[in-house]
file structure_33.txt (compact mmCIF, C-alpha atoms and all ligand atoms)
# COMPACT_ATOMS: atom_id res chain seq x y z
CA MET A 1 15.95 24.23 -6.07
CA SER A 2 12.24 23.92 -5.63
CA ALA A 3 11.11 20.34 -6.07
CA GLU A 4 8.45 19.24 -8.51
CA ILE A 5 5.43 17.98 -6.56
CA MET A 6 4.28 14.50 -7.50
CA ASP A 7 0.49 14.69 -7.39
CA GLY A 8 -0.71 11.36 -5.97
CA LYS A 9 -4.32 12.44 -6.12
CA ALA A 10 -4.20 13.07 -9.87
CA ILE A 11 -2.27 9.84 -10.53
CA SER A 12 -4.75 7.92 -8.40
CA LYS A 13 -7.64 9.35 -10.45
CA GLU A 14 -5.92 8.38 -13.69
CA ILE A 15 -5.39 4.78 -12.48
CA GLN A 16 -8.95 4.52 -11.13
CA ALA A 17 -10.26 5.52 -14.55
CA GLU A 18 -8.16 2.73 -16.12
CA ILE A 19 -9.41 0.20 -13.53
CA ALA A 20 -13.04 1.25 -14.06
CA VAL A 21 -12.72 0.44 -17.77
CA GLU A 22 -11.22 -2.98 -16.97
CA VAL A 23 -13.86 -3.73 -14.33
CA ALA A 24 -16.63 -2.91 -16.81
CA GLN A 25 -15.05 -5.19 -19.44
CA PHE A 26 -14.56 -8.01 -16.92
CA THR A 27 -18.11 -7.73 -15.60
CA GLN A 28 -19.54 -7.70 -19.09
CA SER A 29 -17.60 -10.72 -20.29
CA SER A 30 -17.86 -12.85 -17.13
CA GLY A 31 -21.19 -11.74 -15.64
CA VAL A 32 -19.36 -11.34 -12.31
CA THR A 33 -19.00 -8.09 -10.38
CA PRO A 34 -15.76 -8.05 -8.35
CA CYS A 35 -16.51 -7.68 -4.64
CA LEU A 36 -14.35 -6.53 -1.73
CA ALA A 37 -15.27 -7.45 1.86
CA ALA A 38 -13.74 -5.11 4.46
CA VAL A 39 -13.59 -6.18 8.09
CA LEU A 40 -13.28 -3.48 10.74
CA VAL A 41 -13.01 -4.46 14.41
CA GLY A 42 -13.50 -1.77 17.09
CA ASP A 43 -13.92 1.96 16.62
CA ASP A 44 -10.52 3.41 15.81
CA PRO A 45 -11.49 6.70 14.06
CA ALA A 46 -8.57 6.63 11.58
CA SER A 47 -9.44 3.05 10.55
CA GLU A 48 -13.08 4.07 10.04
CA VAL A 49 -11.96 6.83 7.68
CA TYR A 50 -9.70 4.44 5.73
CA VAL A 51 -12.45 1.84 5.36
CA ARG A 52 -14.97 4.50 4.24
CA ASN A 53 -12.47 5.73 1.61
CA LYS A 54 -12.07 2.17 0.35
CA HIS A 55 -15.83 1.77 -0.07
CA ARG A 56 -16.10 5.07 -1.94
CA ALA A 57 -13.30 4.01 -4.26
CA CYS A 58 -15.10 0.69 -4.90
CA GLU A 59 -18.20 2.62 -5.96
CA ARG A 60 -16.19 4.83 -8.31
CA VAL A 61 -14.63 1.91 -10.20
CA GLY A 62 -17.69 -0.38 -10.28
CA ILE A 63 -16.56 -2.86 -7.61
CA ALA A 64 -19.15 -4.13 -5.11
CA SER A 65 -18.27 -3.90 -1.43
CA GLN A 66 -19.33 -5.38 1.87
CA MET A 67 -18.61 -3.79 5.24
CA HIS A 68 -18.33 -6.06 8.27
CA LYS A 69 -18.11 -3.86 11.36
CA LEU A 70 -17.55 -5.76 14.59
CA PRO A 71 -17.43 -4.39 18.15
CA ALA A 72 -14.11 -4.02 20.00
CA SER A 73 -15.25 -6.84 22.31
CA THR A 74 -15.14 -9.36 19.40
CA THR A 75 -13.08 -12.44 20.25
CA GLU A 76 -10.38 -13.88 18.04
CA GLU A 77 -12.52 -16.98 17.45
CA GLU A 78 -15.52 -14.87 16.34
CA LEU A 79 -13.31 -12.97 13.93
CA LEU A 80 -11.86 -16.22 12.57
CA GLU A 81 -15.42 -17.52 12.03
CA LEU A 82 -16.29 -14.45 9.95
CA ILE A 83 -13.11 -14.87 7.90
CA ALA A 84 -13.95 -18.54 7.27
CA GLU A 85 -17.39 -17.45 5.98
CA LEU A 86 -15.86 -14.83 3.68
CA ASN A 87 -13.22 -17.33 2.50
CA SER A 88 -15.93 -19.71 1.29
CA SER A 89 -18.39 -17.09 -0.04
CA THR A 90 -18.56 -17.22 -3.84
CA ASP A 91 -19.75 -13.57 -3.84
CA VAL A 92 -16.55 -12.27 -2.23
CA HIS A 93 -13.31 -11.96 -4.22
CA GLY A 94 -11.16 -9.83 -1.93
CA ILE A 95 -10.93 -9.74 1.88
CA LEU A 96 -9.38 -6.85 3.77
CA VAL A 97 -8.93 -6.94 7.54
CA GLN A 98 -8.27 -3.36 8.59
CA LEU A 99 -5.25 -3.00 10.89
CA PRO A 100 -4.55 -2.42 13.69
CA LEU A 101 -6.76 -5.02 15.37
CA PRO A 102 -7.72 -4.46 19.03
CA GLU A 103 -5.28 -5.69 21.68
CA GLY A 104 -5.83 -9.29 22.64
CA ILE A 105 -6.35 -10.42 19.05
CA ASP A 106 -3.40 -12.22 17.45
CA THR A 107 -3.02 -10.26 14.21
CA LEU A 108 -0.77 -12.79 12.47
CA ARG A 109 -3.16 -15.66 13.26
CA VAL A 110 -6.01 -13.65 11.73
CA LEU A 111 -4.07 -12.62 8.61
CA ASP A 112 -2.85 -16.21 8.14
CA ALA A 113 -6.51 -17.34 8.11
CA VAL A 114 -7.40 -15.25 5.03
CA ASN A 115 -7.66 -17.38 1.87
CA PRO A 116 -4.42 -16.43 0.01
CA HIS A 117 -6.42 -16.20 -3.25
CA LYS A 118 -8.55 -13.44 -1.66
CA ASP A 119 -5.69 -11.72 0.21
CA VAL A 120 -5.85 -8.34 -1.56
CA ASP A 121 -3.49 -6.78 1.03
CA ALA A 122 -0.81 -9.37 0.10
CA PHE A 123 -0.12 -9.95 3.80
CA HIS A 124 -0.45 -13.77 3.79
CA PRO A 125 2.95 -15.54 4.07
CA GLU A 126 2.24 -17.47 0.85
CA ASN A 127 1.79 -14.19 -1.02
CA VAL A 128 4.83 -12.59 0.64
CA GLY A 129 6.86 -15.63 -0.45
CA LEU A 130 5.63 -15.34 -4.03
CA ILE A 131 6.59 -11.65 -4.11
CA SER A 132 10.06 -12.43 -2.77
CA GLN A 133 10.52 -14.98 -5.57
CA GLY A 134 9.52 -12.44 -8.21
CA ARG A 135 6.25 -14.18 -9.14
CA PRO A 136 3.65 -12.18 -7.22
CA ARG A 137 -0.01 -13.18 -7.04
CA PHE A 138 -0.95 -9.81 -5.52
CA LEU A 139 1.22 -6.74 -5.08
CA PRO A 140 1.24 -4.98 -1.71
CA CYS A 141 -0.92 -1.87 -2.12
CA THR A 142 1.27 0.91 -0.73
CA PRO A 143 4.57 -0.23 -2.30
CA HIS A 144 2.78 -0.82 -5.62
CA GLY A 145 1.31 2.68 -5.36
CA VAL A 146 4.78 4.13 -4.75
CA GLN A 147 6.07 2.33 -7.85
CA GLN A 148 3.16 3.73 -9.90
CA ILE A 149 3.89 7.30 -8.75
CA ILE A 150 7.60 7.00 -9.49
CA ASP A 151 7.03 5.60 -12.98
CA ARG A 152 4.15 7.85 -13.98
CA CYS A 153 6.31 10.84 -13.00
CA GLY A 154 8.93 9.63 -15.48
CA ILE A 155 11.53 8.55 -12.90
CA GLU A 156 13.75 5.66 -13.98
CA MET A 157 14.73 3.28 -11.15
CA THR A 158 17.14 0.92 -12.92
CA GLY A 159 20.55 1.08 -11.25
CA LYS A 160 19.47 3.85 -8.86
CA HIS A 161 20.18 3.72 -5.14
CA ALA A 162 16.89 3.69 -3.24
CA VAL A 163 17.05 4.13 0.52
CA ILE A 164 13.97 2.92 2.36
CA VAL A 165 13.65 4.29 5.87
CA GLY A 166 11.54 1.83 7.91
CA ARG A 167 11.41 -1.98 7.91
CA SER A 168 7.68 -2.67 8.39
CA ASP A 169 5.93 -5.70 6.93
CA ILE A 170 3.38 -3.40 5.23
CA VAL A 171 5.77 -0.93 3.53
CA GLY A 172 9.53 -1.19 4.08
CA LYS A 173 10.14 -4.88 3.49
CA PRO A 174 7.77 -5.39 0.51
CA MET A 175 8.93 -2.07 -1.02
CA SER A 176 12.48 -3.44 -1.09
CA MET A 177 11.26 -6.56 -2.88
CA LEU A 178 9.40 -4.61 -5.57
CA LEU A 179 12.28 -2.24 -6.24
CA THR A 180 14.91 -4.99 -6.46
CA ALA A 181 12.75 -7.16 -8.74
CA ARG A 182 13.64 -7.51 -12.41
CA ASN A 183 10.27 -6.26 -13.61
CA SER A 184 7.13 -4.47 -12.49
CA THR A 185 3.56 -3.84 -13.65
CA ARG A 186 5.00 -0.71 -15.30
CA GLY A 187 7.99 -2.44 -16.87
CA PRO A 188 11.64 -3.02 -15.87
CA GLN A 189 12.40 0.71 -15.63
CA ALA A 190 10.29 0.93 -12.44
CA ALA A 191 12.37 -1.81 -10.74
CA ASN A 192 15.99 -3.05 -10.87
CA ALA A 193 17.16 -0.60 -8.20
CA THR A 194 19.89 -1.07 -5.60
CA VAL A 195 18.13 -0.91 -2.25
CA THR A 196 19.21 -0.13 1.29
CA ILE A 197 16.77 -0.48 4.20
CA CYS A 198 17.45 1.76 7.21
CA HIS A 199 15.83 1.38 10.63
CA SER A 200 16.11 2.56 14.22
CA ARG A 201 19.44 0.76 14.75
CA THR A 202 21.10 1.99 11.54
CA LYS A 203 24.41 3.75 12.20
CA ASP A 204 24.58 7.29 10.81
CA LEU A 205 21.23 7.06 9.05
CA ALA A 206 21.61 10.64 7.77
CA ALA A 207 24.84 9.71 5.94
CA VAL A 208 23.16 6.67 4.34
CA CYS A 209 20.23 8.85 3.22
CA ARG A 210 22.64 11.33 1.63
CA THR A 211 23.81 8.58 -0.74
CA ALA A 212 20.24 7.99 -1.99
CA ASP A 213 18.96 8.84 -5.44
CA VAL A 214 15.48 8.05 -4.11
CA ILE A 215 14.38 8.12 -0.46
CA ILE A 216 11.23 6.30 0.62
CA ALA A 217 10.29 7.46 4.10
CA ALA A 218 8.09 4.99 5.97
CA ILE A 219 9.25 5.29 9.54
CA GLY A 220 6.16 6.78 11.23
CA VAL A 221 7.93 9.76 12.81
CA ALA A 222 6.68 13.23 11.86
CA GLU A 223 9.09 15.25 9.68
CA PHE A 224 12.00 12.88 10.42
CA ILE A 225 13.74 13.39 7.05
CA THR A 226 15.27 16.86 6.96
CA ALA A 227 17.04 18.80 4.18
CA ASP A 228 20.53 17.98 5.50
CA MET A 229 19.80 14.25 4.95
CA VAL A 230 19.02 14.68 1.25
CA LYS A 231 21.38 14.72 -1.73
CA PRO A 232 20.60 17.65 -4.07
CA GLY A 233 18.28 16.42 -6.84
CA ALA A 234 17.09 13.30 -4.98
CA VAL A 235 13.52 12.01 -5.37
CA ILE A 236 11.54 11.92 -2.11
CA ILE A 237 8.57 9.65 -1.49
CA ASP A 238 6.79 10.25 1.81
CA VAL A 239 4.67 7.32 3.01
CA GLY A 240 4.13 8.76 6.52
CA ILE A 241 0.78 9.93 7.85
CA ASN A 242 1.22 11.52 11.28
CA ARG A 243 -1.48 13.39 13.14
CA THR A 244 0.12 16.39 14.90
CA GLU A 245 -1.20 19.62 16.41
CA LYS A 246 -0.49 21.34 13.08
CA GLY A 247 -2.54 18.70 11.24
CA LEU A 248 -1.54 15.74 9.05
CA VAL A 249 2.16 15.66 8.25
CA GLY A 250 4.41 13.08 6.64
CA ASP A 251 7.75 11.61 7.67
CA VAL A 252 9.50 14.31 5.63
CA ASP A 253 10.02 17.98 6.50
CA PHE A 254 8.25 19.04 3.31
CA ASP A 255 9.22 22.74 3.22
CA GLY A 256 12.91 22.18 3.97
CA VAL A 257 13.38 19.10 1.78
CA SER A 258 11.54 20.72 -1.18
CA GLU A 259 14.45 23.16 -1.43
CA VAL A 260 16.92 20.32 -2.06
CA ALA A 261 15.01 17.52 -3.81
CA SER A 262 14.10 17.31 -7.50
CA HIS A 263 10.71 15.62 -6.87
CA ILE A 264 8.63 15.15 -3.71
CA THR A 265 5.24 13.69 -2.73
CA PRO A 266 3.05 15.85 -0.46
CA VAL A 267 1.09 14.67 2.61
CA PRO A 268 -1.84 14.49 2.21
CA GLY A 269 -2.35 13.94 -1.52
CA GLY A 270 0.76 11.88 -2.21
CA VAL A 271 1.06 8.15 -1.57
CA GLY A 272 -2.17 7.83 0.48
CA PRO A 273 -4.66 7.92 -2.44
CA LEU A 274 -2.61 5.29 -4.30
CA THR A 275 -2.92 2.72 -1.49
CA VAL A 276 -6.69 2.66 -1.91
CA THR A 277 -6.45 2.61 -5.69
CA MET A 278 -4.07 -0.35 -5.77
CA LEU A 279 -6.49 -2.20 -3.49
CA MET A 280 -9.08 -1.78 -6.26
CA TYR A 281 -6.52 -3.14 -8.72
CA ASN A 282 -5.99 -6.21 -6.51
CA THR A 283 -9.71 -6.82 -6.05
CA LEU A 284 -10.15 -6.95 -9.82
CA GLU A 285 -7.12 -9.29 -10.04
CA ALA A 286 -8.67 -11.52 -7.34
CA ALA A 287 -11.97 -11.71 -9.24
CA LYS A 288 -10.08 -12.63 -12.43
CA LEU A 289 -8.10 -15.32 -10.55
CA LEU A 290 -11.22 -16.87 -9.05
CA GLN A 291 -12.84 -16.97 -12.50
CA SER A 292 -9.89 -18.61 -14.22
N1 LIG B 301 -3.69 -0.27 8.25
C1 LIG B 301 -2.74 0.60 7.80
N2 LIG B 301 -2.38 0.32 6.54
C2 LIG B 301 -3.10 -0.77 6.17
C3 LIG B 301 -3.17 -1.53 4.97
O1 LIG B 301 -2.48 -1.28 3.96
N3 LIG B 301 -4.04 -2.57 4.98
C4 LIG B 301 -4.80 -2.88 6.06
N4 LIG B 301 -5.61 -3.93 5.99
N5 LIG B 301 -4.76 -2.18 7.19
C5 LIG B 301 -3.91 -1.14 7.24
call {"tool": "encode", "arguments": {"input": "structure_33.txt", "output": "structure tokens"}}
result
Amino acid sequence: MSAEIMDGKAISKEIQAEIAVEVAQFTQSSGVTPCLAAVLVGDDPASEVYVRNKHRACERVGIASQMHKLPASTTEEELLELIAELNSSTDVHGILVQLPLPEGIDTLRVLDAVNPHKDVDAFHPENVGLISQGRPRFLPCTPHGVQQIIDRCGIEMTGKHAVIVGRSDIVGKPMSMLLTARNSTRGPQAANATVTICHSRTKDLAAVCRTADVIIAAIGVAEFITADMVKPGAVIIDVGINRTEKGLVGDVDFDGVSEVASHITPVPGGVGPLTVTMLMYNTLEAAKLLQS
């Protein structure tokens, strides 16, 4: 079998075009241009690339953006002061604090300080709680992007066994909440799955993966998921982005797994573009919320 490639770049373009239309309508009717403020502390090159991509995406869909670049020597208190300013600014609808923050800064204290109505990453505990209760204010960008890819590729999730490899707060845990929910932004067919989360202490992880109809790999280890861990015909979503000597690779051994799976996302060009696009979606939602 040679798997069908799920083209995240094309899907991302399609969704950005839809968002651009909605942004234009919102701006025309309200007189307000949605605005995202990104905060970048230090000079991590990968984070700089991510933040630049977010600003470019804002431009494409008609969202205004602010970039707040602070030196690595910034103290936690200085960062909290900036967040307080952005929280009270009527010009700013969404706030994104790029992670990771430099050592010495308490990440959870900083994320907790973001106004939950402007928390377009959906990292604030109030927003995580709302997601877990099935009444989300914002959807976490990467898991929402995964759900969009799955549904726009015509894959039905209801009753399927999804195995998520990785238990992070950014991907693994919120992904499990979206897939076990009763509904989604794309309808019930993109949710209602049976979900297993695997992690570093899971016994016989390969055997668990072999029971999956859908594998979502978000473990952060290059090419961890190999063909022998995949049931023939399974759908493979690769959330990993690992920099190796052979370039960017995902958490899935793409060449080997493509021979077994029915559908697979590539790296790059799979889930990555969707994360940025769903951030645009949330920024528009935040602007609508603050207007209502
Ligand atoms: N660093 C890696 N992924 C993310 C993300 O989704 N949001 C933020 N703010 N930082 C990240």
call {"tool": "residues_near_point", "arguments": {"input": "structure_33.txt", "point": "(7.4, -4.5, -4.9)", "cutoff": "7 Å", "atoms": "only C-alpha atoms", "output": "PyMOL selection string"}}
result
chain A and resi 139-140+143-144+174-179
call {"tool": "residues_around", "arguments": {"input": "structure_33.txt", "residues": "Asp106 in chain A", "least_positions_apart": "5", "cutoff": "12 Å", "atoms": "all atoms listed in the file", "output": "list in words"}}
result
Thr75, Glu76, Glu77, Leu79, Leu80, Leu99, Pro100, Leu101, Leu111, Asp112 and Ala113 of chain A
call {"tool": "write_last_selection", "arguments": {"input": "structure_33.txt", "atoms": "C-alpha atoms", "output": "PDB file, in the frame of the given file"}}
result
ATOM      1  CA  THR A  75     -13.080 -12.440  20.250  1.00  0.00           C
ATOM      2  CA  GLU A  76     -10.380 -13.880  18.040  1.00  0.00           C
ATOM      3  CA  GLU A  77     -12.520 -16.980  17.450  1.00  0.00           C
ATOM      4  CA  LEU A  79     -13.310 -12.970  13.930  1.00  0.00           C
ATOM      5  CA  LEU A  80     -11.860 -16.220  12.570  1.00  0.00           C
ATOM      6  CA  LEU A  99      -5.250  -3.000  10.890  1.00  0.00           C
ATOM      7  CA  PRO A 100      -4.550  -2.420  13.690  1.00  0.00           C
ATOM      8  CA  LEU A 101      -6.760  -5.020  15.370  1.00  0.00           C
ATOM      9  CA  LEU A 111      -4.070 -12.620   8.610  1.00  0.00           C
ATOM     10  CA  ASP A 112      -2.850 -16.210   8.140  1.00  0.00           C
ATOM     11  CA  ALA A 113      -6.510 -17.340   8.110  1.00  0.00           C
TER      12      ALA A 113
END
call {"tool": "residues_near_ligand", "arguments": {"input": "structure_33.txt", "ligand": "ligand LIG 301 (chain B)", "cutoff": "10 Å", "atoms": "only C-alpha atoms and all ligand atoms", "output": "MDAnalysis selection string"}}
result
chainID A and resid 38:40 46:47 50:51 95:101 111 119:123 140:143 169:171 241 272 275:276 278:279
call {"tool": "write_last_selection", "arguments": {"input": "structure_33.txt", "atoms": "C-alpha atoms", "output": "mmCIF file, in the coordinates of the input"}}
result
data_model
loop_
_atom_site.group_PDB
_atom_site.id
_atom_site.type_symbol
_atom_site.label_atom_id
_atom_site.label_comp_id
_atom_site.auth_asym_id
_atom_site.auth_seq_id
_atom_site.Cartn_x
_atom_site.Cartn_y
_atom_site.Cartn_z
ATOM 1 C CA ALA A 38 -13.740 -5.110 4.460
ATOM 2 C CA VAL A 39 -13.590 -6.180 8.090
ATOM 3 C CA LEU A 40 -13.280 -3.480 10.740
ATOM 4 C CA ALA A 46 -8.570 6.630 11.580
ATOM 5 C CA SER A 47 -9.440 3.050 10.550
ATOM 6 C CA TYR A 50 -9.700 4.440 5.730
ATOM 7 C CA VAL A 51 -12.450 1.840 5.360
ATOM 8 C CA ILE A 95 -10.930 -9.740 1.880
ATOM 9 C CA LEU A 96 -9.380 -6.850 3.770
ATOM 10 C CA VAL A 97 -8.930 -6.940 7.540
ATOM 11 C CA GLN A 98 -8.270 -3.360 8.590
ATOM 12 C CA LEU A 99 -5.250 -3.000 10.890
ATOM 13 C CA PRO A 100 -4.550 -2.420 13.690
ATOM 14 C CA LEU A 101 -6.760 -5.020 15.370
ATOM 15 C CA LEU A 111 -4.070 -12.620 8.610
ATOM 16 C CA ASP A 119 -5.690 -11.720 0.210
ATOM 17 C CA VAL A 120 -5.850 -8.340 -1.560
ATOM 18 C CA ASP A 121 -3.490 -6.780 1.030
ATOM 19 C CA ALA A 122 -0.810 -9.370 0.100
ATOM 20 C CA PHE A 123 -0.120 -9.950 3.800
ATOM 21 C CA PRO A 140 1.240 -4.980 -1.710
ATOM 22 C CA CYS A 141 -0.920 -1.870 -2.120
ATOM 23 C CA THR A 142 1.270 0.910 -0.730
ATOM 24 C CA PRO A 143 4.570 -0.230 -2.300
ATOM 25 C CA ASP A 169 5.930 -5.700 6.930
ATOM 26 C CA ILE A 170 3.380 -3.400 5.230
ATOM 27 C CA VAL A 171 5.770 -0.930 3.530
ATOM 28 C CA ILE A 241 0.780 9.930 7.850
ATOM 29 C CA GLY A 272 -2.170 7.830 0.480
ATOM 30 C CA THR A 275 -2.920 2.720 -1.490
ATOM 31 C CA VAL A 276 -6.690 2.660 -1.910
ATOM 32 C CA MET A 278 -4.070 -0.350 -5.770
ATOM 33 C CA LEU A 279 -6.490 -2.200 -3.490
#
call {"tool": "residues_around", "arguments": {"input": "structure_33.txt", "residues": "Val114 in chain A", "least_positions_apart": "6", "cutoff": "8 Å", "atoms": "only C-alpha atoms", "output": "ChimeraX atom specification"}}
result
/A:83-84,87,95,124
call {"tool": "closest_residue", "arguments": {"input": "structure_33.txt", "among": "A:Val249, A:Ala191, A:Cys58, A:Val165", "to": "Asp151 in chain A", "atoms": "all atoms listed in the file"}}
result
A:Ala191
call {"tool": "build_atoms", "arguments": {"input": "structure_33.txt", "residues": "range 263-274 of chain A", "atoms": "N, CA and C atoms", "output": "PDB file, in the frame of the given file"}}
result
ATOM      1  N   HIS A 263      12.121  15.997  -6.857  1.00  0.00           N
ATOM      2  CA  HIS A 263      10.710  15.620  -6.870  1.00  0.00           C
ATOM      3  C   HIS A 263      10.316  15.226  -5.451  1.00  0.00           C
ATOM      4  N   ILE A 264       9.075  15.504  -5.064  1.00  0.00           N
ATOM      5  CA  ILE A 264       8.630  15.150  -3.710  1.00  0.00           C
ATOM      6  C   ILE A 264       7.120  14.875  -3.711  1.00  0.00           C
ATOM      7  N   THR A 265       6.692  13.922  -2.889  1.00  0.00           N
ATOM      8  CA  THR A 265       5.240  13.690  -2.730  1.00  0.00           C
ATOM      9  C   THR A 265       4.747  14.474  -1.511  1.00  0.00           C
ATOM     10  N   PRO A 266       3.587  15.114  -1.617  1.00  0.00           N
ATOM     11  CA  PRO A 266       3.050  15.850  -0.460  1.00  0.00           C
ATOM     12  C   PRO A 266       2.291  14.900   0.478  1.00  0.00           C
ATOM     13  N   VAL A 267       1.992  15.379   1.687  1.00  0.00           N
ATOM     14  CA  VAL A 267       1.090  14.670   2.610  1.00  0.00           C
ATOM     15  C   VAL A 267       0.114  15.708   3.156  1.00  0.00           C
ATOM     16  N   PRO A 268      -1.179  15.568   2.974  1.00  0.00           N
ATOM     17  CA  PRO A 268      -1.840  14.490   2.210  1.00  0.00           C
ATOM     18  C   PRO A 268      -1.742  14.724   0.699  1.00  0.00           C
ATOM     19  N   GLY A 269      -2.288  13.772  -0.060  1.00  0.00           N
ATOM     20  CA  GLY A 269      -2.350  13.940  -1.520  1.00  0.00           C
ATOM     21  C   GLY A 269      -1.176  13.341  -2.259  1.00  0.00           C
ATOM     22  N   GLY A 270      -0.376  12.533  -1.543  1.00  0.00           N
ATOM     23  CA  GLY A 270       0.760  11.880  -2.210  1.00  0.00           C
ATOM     24  C   GLY A 270       0.496  10.393  -2.345  1.00  0.00           C
ATOM     25  N   VAL A 271       1.158   9.605  -1.486  1.00  0.00           N
ATOM     26  CA  VAL A 271       1.060   8.150  -1.570  1.00  0.00           C
ATOM     27  C   VAL A 271      -0.323   7.640  -1.113  1.00  0.00           C
ATOM     28  N   GLY A 272      -0.914   8.307  -0.124  1.00  0.00           N
ATOM     29  CA  GLY A 272      -2.170   7.830   0.480  1.00  0.00           C
ATOM     30  C   GLY A 272      -3.243   7.407  -0.524  1.00  0.00           C
ATOM     31  N   PRO A 273      -3.615   8.282  -1.475  1.00  0.00           N
ATOM     32  CA  PRO A 273      -4.660   7.920  -2.440  1.00  0.00           C
ATOM     33  C   PRO A 273      -4.326   6.675  -3.268  1.00  0.00           C
ATOM     34  N   LEU A 274      -3.030   6.450  -3.485  1.00  0.00           N
ATOM     35  CA  LEU A 274      -2.610   5.290  -4.300  1.00  0.00           C
ATOM     36  C   LEU A 274      -2.863   3.972  -3.580  1.00  0.00           C
TER      37      LEU A 274
END
